[in-house]
>>> print(open('final-v9.txt').read())   # compact mmCIF, C-alpha atoms
# COMPACT_ATOMS: atom_id res chain seq x y z
CA MET A 195 73.81 -157.25 -30.31
CA SER A 196 76.01 -156.31 -33.27
CA VAL A 197 77.31 -152.83 -33.95
CA GLY A 198 75.05 -152.51 -37.01
CA GLU A 199 71.96 -153.48 -34.99
CA ALA A 200 72.88 -150.94 -32.30
CA GLY A 201 73.16 -148.24 -34.99
CA LYS A 202 69.71 -149.14 -36.34
CA ASP A 203 68.28 -148.93 -32.82
CA ARG A 204 69.78 -145.47 -32.35
CA GLN A 205 68.35 -144.32 -35.70
CA ALA A 206 64.92 -145.62 -34.74
CA ALA A 207 65.09 -143.86 -31.38
CA GLY A 208 66.26 -140.62 -32.97
CA PRO A 209 62.85 -139.18 -33.95
CA LYS A 210 61.41 -139.97 -30.51
CA GLU A 211 64.30 -138.22 -28.82
CA GLY A 212 63.83 -135.24 -31.14
CA ALA A 213 60.14 -135.12 -30.29
CA ALA A 214 60.97 -135.19 -26.58
CA GLY A 215 63.47 -132.39 -27.08
CA ALA A 216 60.86 -130.32 -28.89
CA THR A 217 58.37 -130.99 -26.08
CA SER A 218 60.88 -129.76 -23.53
CA CYS A 219 61.02 -126.47 -25.43
CA LEU A 220 57.40 -125.62 -24.69
CA GLY A 221 57.28 -122.16 -23.13
CA ALA A 222 60.87 -121.33 -24.25
CA PRO A 223 60.68 -119.43 -27.58
CA ALA A 224 64.45 -119.21 -28.02
CA CYS A 225 64.76 -122.99 -27.60
CA VAL A 226 62.04 -123.60 -30.22
CA ALA A 227 63.85 -121.26 -32.60
CA GLY A 228 67.05 -123.24 -32.02
CA GLN A 229 65.27 -126.50 -32.85
CA LEU A 230 63.87 -125.02 -36.04
CA GLN A 231 67.28 -123.69 -37.01
CA GLN A 232 68.72 -127.22 -36.75
CA LEU A 233 66.04 -128.47 -39.16
CA LEU A 234 66.56 -125.61 -41.62
CA PRO A 235 69.50 -127.24 -43.54
CA LEU A 236 67.26 -130.24 -44.31
CA LEU A 237 64.84 -128.08 -46.33
CA PRO A 238 65.41 -127.71 -50.09
CA LYS A 239 67.51 -124.71 -50.97
CA ARG A 240 66.14 -121.93 -53.16
CA LYS A 241 67.89 -119.28 -55.17
CA ARG A 242 68.28 -116.04 -53.23
CA SER A 243 68.49 -112.74 -55.04
CA PRO A 244 71.42 -110.56 -53.94
CA LYS A 245 70.64 -107.62 -51.71
CA PRO A 246 71.59 -104.11 -52.86
CA ASP A 247 74.87 -102.63 -51.71
CA GLY A 248 74.88 -101.63 -48.08
CA MET A 249 71.95 -103.95 -47.18
CA PRO A 250 73.35 -107.21 -45.74
CA ARG A 251 70.95 -110.13 -45.66
CA VAL A 252 69.98 -111.38 -42.21
CA PRO A 253 68.87 -115.05 -42.10
CA THR A 254 65.24 -115.41 -41.13
CA MET A 255 65.95 -117.81 -38.26
CA ASP A 256 68.55 -115.43 -36.83
CA ALA A 257 66.01 -112.62 -36.75
CA LEU A 258 63.44 -114.96 -35.17
CA THR A 259 65.90 -116.02 -32.47
CA ILE A 260 66.74 -112.40 -31.67
CA GLU A 261 63.03 -111.58 -31.39
CA CYS A 262 62.43 -114.63 -29.19
CA ASP A 263 65.33 -113.73 -26.90
CA CYS A 264 63.94 -110.23 -26.74
CA ARG A 265 60.48 -111.42 -25.71
CA SER A 266 61.67 -114.01 -23.17
CA SER A 267 64.36 -111.98 -21.43
CA PRO A 268 64.12 -108.69 -19.53
CA ARG A 269 67.61 -107.73 -20.68
CA PRO A 270 67.48 -104.35 -22.43
CA ALA A 271 69.71 -105.34 -25.35
CA PRO A 272 70.23 -109.08 -26.03
CA PRO A 273 73.26 -109.92 -28.15
CA ALA A 274 72.81 -110.71 -31.82
CA VAL A 275 72.73 -114.37 -32.76
CA ALA A 276 75.15 -115.38 -35.48
CA GLY A 277 73.52 -117.57 -38.06
CA PRO A 278 75.08 -120.10 -40.44
CA MET A 279 76.99 -118.55 -43.30
CA ARG A 280 75.66 -119.15 -46.81
CA ALA A 281 77.60 -119.04 -50.05
CA GLY A 282 77.90 -115.53 -51.42
CA GLU A 283 76.67 -113.84 -48.23
CA ALA A 284 78.64 -111.49 -46.03
CA GLN A 285 78.39 -111.72 -42.27
CA PRO A 286 75.73 -109.15 -41.24
CA PRO A 287 76.64 -106.54 -38.65
CA PRO A 288 75.53 -107.21 -35.06
CA LEU A 289 71.88 -106.42 -34.45
CA HIS A 290 71.00 -104.49 -31.30
CA ARG A 291 67.41 -104.38 -30.19
CA ASN A 292 66.23 -102.32 -27.24
CA CYS A 293 63.72 -104.63 -25.64
CA SER A 294 63.07 -102.90 -22.33
CA TYR A 295 59.40 -102.44 -23.33
CA TYR A 296 58.91 -106.21 -23.35
CA ALA A 297 59.92 -106.67 -19.74
CA ALA A 298 56.66 -105.50 -18.15
CA SER A 299 54.47 -107.52 -20.52
CA ALA A 300 56.59 -110.65 -20.08
CA ALA A 301 56.28 -110.31 -16.32
CA GLY A 302 52.49 -109.92 -16.58
CA ALA A 303 52.47 -106.38 -15.25
CA VAL A 304 49.05 -104.71 -15.22
CA ARG A 305 50.52 -101.22 -15.62
CA PRO A 306 53.46 -101.32 -18.07
CA GLY A 307 55.56 -98.21 -18.36
CA VAL A 308 56.12 -95.55 -20.97
CA TYR A 309 59.36 -94.82 -22.80
CA SER A 310 61.32 -92.01 -24.34
CA PHE A 311 61.61 -91.33 -28.06
CA THR A 312 65.01 -93.05 -28.30
CA ASP A 313 63.77 -96.17 -26.43
CA ALA A 314 60.55 -96.57 -28.43
CA PRO A 315 60.31 -98.96 -31.41
CA ALA A 316 61.23 -97.41 -34.75
CA VAL A 317 57.66 -97.76 -36.06
CA LEU A 318 56.41 -95.36 -33.37
CA ARG A 319 59.11 -92.73 -33.84
CA PHE A 320 57.38 -90.59 -36.48
CA ASN A 321 57.44 -87.26 -34.58
CA LYS A 322 60.87 -86.42 -33.22
CA TYR A 323 59.48 -83.41 -31.36
CA VAL A 324 57.47 -85.67 -29.02
CA ARG A 325 60.21 -86.97 -26.75
CA SER A 326 58.45 -88.97 -24.06
CA GLY A 327 55.32 -90.91 -23.11
CA TYR A 328 55.56 -93.72 -25.67
CA ARG A 329 53.76 -97.01 -25.02
CA ALA A 330 55.27 -100.14 -26.58
CA GLY A 331 55.09 -103.89 -26.20
CA TYR A 332 51.58 -103.72 -24.71
CA THR A 333 49.08 -106.53 -24.97
CA TYR A 334 45.62 -105.65 -26.27
CA ARG A 335 44.23 -105.77 -22.75
CA GLN A 336 46.94 -103.37 -21.59
CA CYS A 337 46.17 -101.10 -24.54
CA CYS A 338 42.54 -100.90 -23.47
CA ALA A 339 43.51 -100.20 -19.85
CA SER A 340 45.85 -97.41 -20.99
CA VAL A 341 42.95 -95.39 -22.42
CA LEU A 342 42.37 -93.97 -18.92
CA ARG A 343 46.06 -93.35 -18.21
CA TRP A 344 48.41 -90.51 -19.05
CA HIS A 345 50.77 -90.92 -22.04
CA ASN A 346 51.42 -89.17 -25.33
CA GLU A 347 48.44 -90.83 -27.02
CA THR A 348 45.86 -89.99 -24.34
CA GLY A 349 44.95 -86.69 -25.99
CA ASN A 350 44.83 -88.29 -29.44
CA ILE A 351 42.41 -90.95 -28.19
CA TRP A 352 40.02 -88.65 -26.38
CA THR A 353 39.94 -85.84 -28.96
CA HIS A 354 38.08 -88.30 -31.20
CA MET A 355 36.49 -90.47 -28.51
CA LEU A 356 34.49 -87.53 -27.11
CA PRO A 357 33.07 -86.43 -30.52
CA ALA A 358 32.11 -90.05 -31.25
CA LEU A 359 30.30 -90.32 -27.90
CA LEU A 360 28.60 -86.95 -28.51
CA LEU A 361 27.42 -88.11 -31.93
CA LEU A 362 25.96 -91.29 -30.44
CA ALA A 363 24.30 -89.29 -27.66
CA LEU A 364 22.69 -86.91 -30.18
CA LEU A 365 21.36 -89.86 -32.16
CA ALA A 366 20.05 -91.59 -29.05
CA GLY A 367 18.46 -88.39 -27.74
CA GLY A 368 16.71 -87.60 -31.00
CA GLN A 369 18.58 -84.34 -31.67
CA LEU A 370 19.90 -85.90 -34.88
CA GLN A 371 17.08 -87.47 -36.86
CA ALA A 372 17.18 -89.30 -40.16
CA TRP A 373 16.31 -87.21 -43.20
CA GLN A 374 12.77 -88.03 -44.30
CA GLY A 375 12.89 -89.88 -47.60
CA ALA A 376 16.69 -90.03 -47.55
CA ARG A 377 17.54 -92.40 -44.73
CA VAL A 378 20.31 -94.16 -46.67
CA ALA A 379 22.02 -90.84 -47.38
CA PHE A 380 21.71 -89.92 -43.69
CA LEU A 381 23.23 -93.21 -42.59
CA LEU A 382 26.04 -92.78 -45.12
CA ASN A 383 26.78 -89.28 -43.85
CA VAL A 384 26.58 -89.96 -40.11
CA GLY A 385 28.00 -93.49 -40.38
CA SER A 386 31.10 -92.37 -42.27
CA ILE A 387 31.73 -89.64 -39.69
CA ALA A 388 31.38 -92.14 -36.83
CA ALA A 389 33.66 -94.61 -38.65
CA CYS A 390 36.30 -91.91 -39.03
CA PHE A 391 36.22 -91.14 -35.30
CA LEU A 392 36.17 -94.78 -34.18
CA GLY A 393 38.94 -95.82 -36.58
CA SER A 394 41.13 -93.06 -35.19
CA VAL A 395 40.35 -94.09 -31.59
CA ALA A 396 41.20 -97.73 -32.35
CA PHE A 397 44.47 -96.81 -34.07
CA HIS A 398 45.73 -94.56 -31.27
CA THR A 399 44.64 -97.06 -28.62
CA PHE A 400 46.14 -100.22 -30.11
CA MET A 401 49.27 -98.81 -31.75
CA ALA A 402 51.04 -99.66 -28.45
CA HIS A 403 50.78 -103.29 -29.63
CA HIS A 404 53.31 -102.09 -32.14
CA HIS A 405 53.81 -105.39 -34.02
CA HIS A 406 50.34 -104.76 -35.52
CA TYR A 407 50.90 -101.04 -36.00
CA HIS A 408 50.41 -101.05 -39.78
CA GLN A 409 47.14 -102.99 -39.59
CA TRP A 410 45.67 -100.40 -37.23
CA LEU A 411 47.06 -97.59 -39.35
CA CYS A 412 45.22 -99.03 -42.38
CA LEU A 413 42.00 -99.02 -40.35
CA ASP A 414 42.53 -95.36 -39.49
CA VAL A 415 43.22 -94.46 -43.13
CA CYS A 416 40.10 -96.39 -44.22
CA GLY A 417 37.98 -94.29 -41.85
CA VAL A 418 39.36 -91.07 -43.30
CA LEU A 419 38.82 -92.25 -46.87
CA LEU A 420 35.29 -93.39 -46.05
CA VAL A 421 34.27 -89.95 -44.80
CA LEU A 422 35.99 -88.29 -47.78
CA VAL A 423 34.34 -90.52 -50.38
CA GLY A 424 31.03 -91.37 -48.68
CA GLY A 425 30.57 -88.13 -46.77
CA GLY A 426 31.47 -86.06 -49.80
CA HIS A 427 28.74 -87.66 -51.88
CA MET A 428 26.11 -85.11 -50.88
CA VAL A 429 28.47 -82.24 -51.68
CA LEU A 430 28.26 -83.25 -55.34
CA TRP A 431 25.00 -85.15 -55.81
CA TRP A 432 22.71 -82.83 -53.89
CA GLY A 433 24.75 -79.68 -54.26
CA LEU A 434 24.67 -79.86 -58.07
CA PHE A 435 21.03 -80.96 -58.30
CA CYS A 436 20.18 -78.14 -60.71
CA LEU A 437 23.24 -78.85 -62.90
CA PRO A 438 22.73 -82.43 -64.11
CA THR A 439 25.68 -82.51 -66.52
CA ALA A 440 28.16 -81.18 -63.96
CA ARG A 441 26.51 -83.40 -61.36
CA TRP A 442 27.13 -86.64 -63.23
CA THR A 443 30.56 -85.64 -64.52
CA LEU A 444 32.00 -84.59 -61.17
CA THR A 445 30.34 -87.45 -59.26
CA LEU A 446 31.79 -90.10 -61.60
CA LEU A 447 35.17 -88.36 -61.54
CA TYR A 448 35.11 -88.16 -57.75
CA TYR A 449 34.34 -91.83 -57.28
CA GLY A 450 36.82 -92.87 -59.96
CA VAL A 451 39.57 -90.86 -58.32
CA GLY A 452 38.34 -92.10 -54.93
CA ALA A 453 38.77 -95.76 -55.94
CA LEU A 454 42.33 -95.09 -57.08
CA CYS A 455 43.04 -93.08 -53.94
CA VAL A 456 41.87 -95.86 -51.64
CA ARG A 457 44.28 -98.30 -53.26
CA ALA A 458 47.15 -95.79 -53.28
CA ALA A 459 46.63 -94.74 -49.67
CA LEU A 460 46.42 -98.31 -48.35
CA THR A 461 49.61 -99.38 -50.15
CA ALA A 462 51.61 -96.24 -49.36
CA SER A 463 54.55 -96.57 -46.96
CA THR A 464 54.95 -92.89 -46.05
CA ALA A 465 52.73 -90.13 -44.69
CA LEU A 466 53.22 -88.21 -47.94
CA GLY A 467 52.08 -91.23 -49.96
CA ARG A 468 48.90 -91.41 -47.89
CA GLY A 469 48.29 -87.66 -48.03
CA LEU A 470 48.58 -87.12 -51.79
CA PRO A 471 45.53 -89.30 -52.66
CA MET A 472 43.46 -87.32 -50.15
CA LEU A 473 44.70 -84.10 -51.73
CA SER A 474 43.51 -85.28 -55.15
CA LEU A 475 40.01 -85.85 -53.72
CA LEU A 476 40.15 -82.33 -52.31
CA LEU A 477 40.84 -80.94 -55.79
CA VAL A 478 37.75 -82.66 -57.19
CA ARG A 479 35.61 -81.28 -54.35
CA LEU A 480 37.01 -77.79 -54.91
CA SER A 481 36.01 -78.12 -58.57
CA ALA A 482 32.43 -78.80 -57.44
CA PHE A 483 32.55 -75.77 -55.13
CA VAL A 484 33.75 -73.57 -57.98
CA ALA A 485 30.96 -74.87 -60.22
CA ARG A 486 28.37 -74.15 -57.53
CA GLY A 487 29.79 -70.72 -56.81
CA LEU A 488 29.80 -69.68 -60.48
CA LEU A 489 26.50 -71.23 -61.59
CA GLU A 490 24.36 -70.91 -58.46
CA PRO A 491 23.67 -68.16 -55.92
CA PRO A 492 25.51 -68.49 -52.57
CA SER A 493 23.87 -70.98 -50.22
CA GLN A 494 24.11 -71.90 -46.56
CA ALA A 495 25.38 -75.37 -47.49
CA LEU A 496 28.27 -73.93 -49.46
CA LEU A 497 29.35 -71.87 -46.45
CA HIS A 498 29.39 -75.00 -44.27
CA TYR A 499 31.42 -76.89 -46.87
CA ALA A 500 33.90 -74.01 -47.14
CA ALA A 501 34.33 -74.07 -43.34
CA MET A 502 34.82 -77.85 -43.50
CA GLU A 503 37.64 -77.55 -46.02
CA ALA A 504 39.25 -74.69 -44.08
CA PHE A 505 39.27 -76.70 -40.84
CA SER A 506 40.62 -79.81 -42.61
CA LEU A 507 43.39 -78.00 -44.47
CA THR A 508 44.46 -76.06 -41.39
CA GLY A 509 44.58 -79.24 -39.31
CA GLY A 510 46.57 -81.09 -41.97
CA LEU A 511 49.05 -78.24 -42.28
CA ILE A 512 49.55 -78.03 -38.51
CA ASN A 513 50.15 -81.78 -38.36
CA VAL A 514 52.65 -81.81 -41.23
CA LEU A 515 54.63 -78.86 -39.87
CA ARG A 516 54.58 -80.26 -36.29
CA ILE A 517 53.36 -76.96 -34.88
CA PRO A 518 53.62 -75.89 -32.07
CA GLU A 519 55.80 -78.61 -30.47
CA ARG A 520 58.75 -77.94 -32.78
CA TRP A 521 58.99 -74.42 -31.34
CA LEU A 522 59.14 -75.58 -27.70
CA GLN A 523 61.98 -78.08 -27.66
CA PRO A 524 64.25 -78.26 -24.56
CA VAL A 525 67.97 -77.73 -25.07
CA GLU A 526 68.89 -80.90 -23.17
CA PRO A 527 68.73 -83.92 -25.55
CA GLY A 528 67.15 -86.36 -23.10
CA LYS A 529 64.64 -84.02 -21.48
CA ALA A 530 60.89 -84.34 -22.13
CA ALA A 531 59.24 -81.59 -24.18
CA PRO A 532 56.38 -79.53 -22.66
CA LEU A 533 53.85 -80.58 -25.34
CA ASP A 534 54.61 -84.31 -25.37
CA HIS A 535 51.28 -85.21 -23.78
CA LEU A 536 48.92 -82.34 -24.51
CA LEU A 537 48.27 -79.64 -27.16
CA ASN A 538 50.69 -80.98 -29.75
CA SER A 539 50.06 -80.84 -33.50
CA HIS A 540 48.26 -84.16 -33.89
CA GLN A 541 45.81 -83.38 -31.12
CA LEU A 542 45.09 -79.94 -32.57
CA MET A 543 44.49 -81.60 -35.94
CA HIS A 544 42.00 -83.99 -34.29
CA VAL A 545 40.03 -81.08 -32.84
CA LEU A 546 39.93 -79.32 -36.23
CA VAL A 547 38.92 -82.56 -37.98
CA ALA A 548 36.03 -82.99 -35.51
CA ALA A 549 34.91 -79.42 -36.31
CA ALA A 550 35.19 -80.20 -40.04
CA MET A 551 33.02 -83.32 -39.64
CA TRP A 552 30.31 -81.27 -37.94
CA GLN A 553 30.40 -78.72 -40.76
CA LEU A 554 30.11 -81.57 -43.27
CA HIS A 555 26.93 -82.79 -41.60
CA LEU A 556 25.46 -79.28 -41.40
CA GLY A 557 26.23 -78.69 -45.08
CA ALA A 558 24.65 -81.99 -46.10
CA THR A 559 21.58 -81.19 -43.99
CA ALA A 560 21.23 -77.78 -45.68
CA ASP A 561 21.55 -79.42 -49.11
CA TYR A 562 18.91 -81.99 -48.12
CA HIS A 563 16.41 -79.25 -47.26
CA SER A 564 17.20 -77.43 -50.53
CA VAL A 565 16.65 -80.55 -52.64
CA THR A 566 13.48 -81.39 -50.70
CA ALA A 567 12.11 -77.92 -51.49
CA LEU A 568 12.98 -78.35 -55.18
CA LEU A 569 11.28 -81.76 -55.36
CA SER A 570 8.14 -80.49 -53.62
CA GLY A 571 7.84 -77.44 -55.88
CA ALA A 572 8.41 -74.98 -53.03
CA ALA A 573 11.57 -73.75 -54.79
CA GLN A 574 12.91 -73.72 -58.33
CA CYS A 575 16.35 -74.05 -59.87
CA PRO A 576 17.89 -70.66 -60.72
CA GLY A 577 17.78 -69.52 -64.34
>>> encode(input="final-v9.txt", output="structure tokens")
Amino acid sequence: MSVGEAGKDRQAAGPKEGAAGATSCLGAPACVAGQLQQLLPLLPKRKRSPKPDGMPRVPTMDALTIECDCRSSPRPAPPAVAGPMRAGEAQPPPLHRNCSYYAASAAGAVRPGVYSFTDAPAVLRFNKYVRSGYRAGYTYRQCCASVLRWHNETGNIWTHMLPALLLLALLAGGQLQAWQGARVAFLLNVGSIAACFLGSVAFHTFMAHHHHYHQWLCLDVCGVLLVLVGGGHMVLWWGLFCLPTARWTLTLLYYGVGALCVRAALTASTALGRGLPMLSLLLVRLSAFVARGLLEPPSQALLHYAAMEAFSLTGGLINVLRIPERWLQPVEPGKAAPLDHLLNSHQLMHVLVAAAMWQLHLGATADYHSVTALLSGAAQCPG
């Protein structure tokens, strides 16, 4: 066999050997990432926009390899993987990733641990006054099992799980009955409240699978917006029944602002960006309350709605200011705070939100009875 024929044979065997090498990588994520990185130079190059000053570009395959090493090794901090240099790019600084929360999941542990604020993933570190009890790296099955365990999200889960179960029990027991002749409005009111509770429960349960944190956060925000837009419908449509011009104007304005707020809240990247759209909806509702207060005599429904807004605003303010946990911080940096697991600001906000939802339903029920009396001739619009 000539040298040229031997070279052709090696070229023909090359793809098969590569396929065997790829097969041997099954179950080894870091090995698969290495194989893909070898194939990366064969792909067509594309123009890469320069990063702003102070933001070095990290090659995608390097980041993937670091993540794979993190998932497949119980080491707490795997070394950064240096990727191939590209023209015009500076060598990025070493990346350090604390991966201790992957160890239990990788080992198939049924009861993974909890971590301190400094050891938790960055996406979960949004309240620096809660120092311990963080779940991270959980599978969805482990997230579900953790509902009955003690961590810093246990209170957040159950402060909305219990109201949701109570609501379902009242419906099943007949204590809450559909409004006669207004079943769709009843389903919109009660359904939006239930969706708000259940979205919150899902978010706080599954946020421990922190790679999907933002998807679950969007679900939680959708539940809040649904109860604000759908649940607030009766505040305007029934509450301003005797004021048709104000009724149509404020209802169209509310839903127009609501559509913009849904888009803004779902695309926002900060808590402030998600809160401002909800504040704009509050201003429209307050305009309806002012109109009712000036043009109509005081009603029981208006008192319930005022209580609803008071509970909601108080809860939001407590959550934003991180009260009371910010007042009870230990002096030692690494020590757990006394309110890490119970009675912190987010849990207090949940309790006040549940009270606000109940006031919303009572107000809508009072408005339903008022409109029913007007339609039957038992009552008349003032003036």
>>> atom_distance(input="final-v9.txt", atom1="CA of Trp552 in chain A", atom2="CA of Met472 in chain A")
18.9 Å
>>> atom_distance(input="final-v9.txt", atom1="CA of His498 in chain A", atom2="CA of Met551 in chain A")
10.2 Å
>>> residues_around(input="final-v9.txt", residues="Ser539 in chain A", least_positions_apart="2", cutoff="7 Å", atoms="only C-alpha atoms", output="PyMOL selection string")
chain A and resi 512-513+516-519+537+541-543
>>> write_last_selection(input="final-v9.txt", atoms="C-alpha atoms", output="compact mmCIF listing (two decimals), in the coordinates of the input")
# COMPACT_ATOMS: atom_id res chain seq x y z
CA ILE A 512 49.55 -78.03 -38.51
CA ASN A 513 50.15 -81.78 -38.36
CA ARG A 516 54.58 -80.26 -36.29
CA ILE A 517 53.36 -76.96 -34.88
CA PRO A 518 53.62 -75.89 -32.07
CA GLU A 519 55.80 -78.61 -30.47
CA LEU A 537 48.27 -79.64 -27.16
CA GLN A 541 45.81 -83.38 -31.12
CA LEU A 542 45.09 -79.94 -32.57
CA MET A 543 44.49 -81.60 -35.94
>>> residues_near_point(input="final-v9.txt", point="(54.8, -85.8, -19.6)", cutoff="8 Å", atoms="all atoms listed in the file", output="list in words")
Ser326, Gly327, Trp344, His345, Asn346, Ala530, Ala531, Pro532, Leu533, Asp534 and His535 of chain A
>>> atom_distance(input="final-v9.txt", atom1="CA of Trp410 in chain A", atom2="CA of Ser394 in chain A")
8.9 Å
>>> residues_around(input="final-v9.txt", residues="range 376-381 of chain A", least_positions_apart="6", cutoff="10 Å", atoms="only C-alpha atoms", output="list in words")
Leu370, Ile387, Gly424, Gly425, His427, Met428, His555, Ala558, Thr559, Tyr562 and Thr566 of chain A
>>> residues_around(input="final-v9.txt", residues="Ala389 in chain A", least_positions_apart="4", cutoff="12 Å", atoms="all atoms listed in the file", output="ChimeraX atom specification")
/A:354-355,357-358,361-362,381-385,393-397,413-422,424-425,551
>>> residues_around(input="final-v9.txt", residues="Gly450 in chain A", least_positions_apart="6", cutoff="12 Å", atoms="all atoms listed in the file", output="number ranges by chain")
A: 423, 442-444, 456-457, 471, 474-475, 478
>>> residues_around(input="final-v9.txt", residues="Phe400 in chain A", least_positions_apart="4", cutoff="12 Å", atoms="all atoms listed in the file", output="PyMOL selection string")
chain A and resi 318+329-341+347-348+351+393-396+404-411+413-414
>>> closest_residue(input="final-v9.txt", among="A:Cys575, A:Cys412, A:Ala550, A:Leu480", to="Ala462 in chain A", atoms="only C-alpha atoms")
A:Cys412
>>> closest_residue(input="final-v9.txt", among="A:Ala573, A:Leu477, A:Leu522, A:Ala495", to="Tyr323 in chain A", atoms="only C-alpha atoms")
A:Leu522
>>> axis_aligned_box(input="final-v9.txt", around="range 323-337 of chain A", padding_each_side="4 Å", output="AutoDock Vina command-line options")
--center_x 52.2 --center_y -95.0 --center_z -26.5 --size_x 24.0 --size_y 31.1 --size_z 17.8
>>> closest_residue(input="final-v9.txt", among="A:His398, A:Arg468, A:His563, A:Arg486", to="Trp352 in chain A", atoms="all atoms listed in the file")
A:His398
>>> decode(input="final-v9.txt", residues="range 373-419 of chain A", atoms="C-alpha atoms", output="tab-separated table (two decimals), in the first residue's frame")
chain	number	residue	atom	x	y	z
A	373	TRP	CA	-73.59	35.50	41.24
A	374	GLN	CA	-76.97	34.86	39.65
A	375	GLY	CA	-76.98	36.27	36.13
A	376	ALA	CA	-73.30	37.20	36.34
A	377	ARG	CA	-71.46	33.90	36.37
A	378	VAL	CA	-68.73	35.09	34.00
A	379	ALA	CA	-67.99	38.07	36.22
A	380	PHE	CA	-67.88	35.76	39.25
A	381	LEU	CA	-65.46	33.39	37.54
A	382	LEU	CA	-63.29	36.33	36.47
A	383	ASN	CA	-63.19	37.67	40.02
A	384	VAL	CA	-62.59	34.40	41.86
A	385	GLY	CA	-60.45	32.89	39.09
A	386	SER	CA	-58.07	35.84	38.98
A	387	ILE	CA	-57.66	35.71	42.76
A	388	ALA	CA	-56.94	31.97	42.64
A	389	ALA	CA	-54.49	32.49	39.76
A	390	CYS	CA	-52.65	35.13	41.79
A	391	PHE	CA	-52.28	32.75	44.75
A	392	LEU	CA	-51.29	29.73	42.67
A	393	GLY	CA	-48.80	31.68	40.54
A	394	SER	CA	-47.11	32.89	43.71
A	395	VAL	CA	-47.01	29.36	45.15
A	396	ALA	CA	-45.47	27.99	41.94
A	397	PHE	CA	-42.84	30.74	41.79
A	398	HIS	CA	-41.69	30.33	45.39
A	399	THR	CA	-41.70	26.54	45.08
A	400	PHE	CA	-39.78	26.20	41.82
A	401	MET	CA	-37.39	29.14	42.10
A	402	ALA	CA	-34.94	26.65	43.68
A	403	HIS	CA	-34.53	25.29	40.12
A	404	HIS	CA	-32.81	28.60	39.63
A	405	HIS	CA	-31.89	28.19	35.94
A	406	HIS	CA	-35.61	28.72	35.21
A	407	TYR	CA	-36.03	31.46	37.80
A	408	HIS	CA	-37.13	34.16	35.35
A	409	GLN	CA	-39.78	31.95	33.74
A	410	TRP	CA	-41.39	31.31	37.12
A	411	LEU	CA	-41.08	34.97	38.03
A	412	CYS	CA	-43.01	35.88	34.86
A	413	LEU	CA	-45.76	33.46	35.91
A	414	ASP	CA	-45.95	35.15	39.32
A	415	VAL	CA	-46.12	38.62	37.73
A	416	CYS	CA	-48.84	37.41	35.33
A	417	GLY	CA	-50.96	36.29	38.29
A	418	VAL	CA	-50.64	39.69	39.94
A	419	LEU	CA	-51.48	41.53	36.72
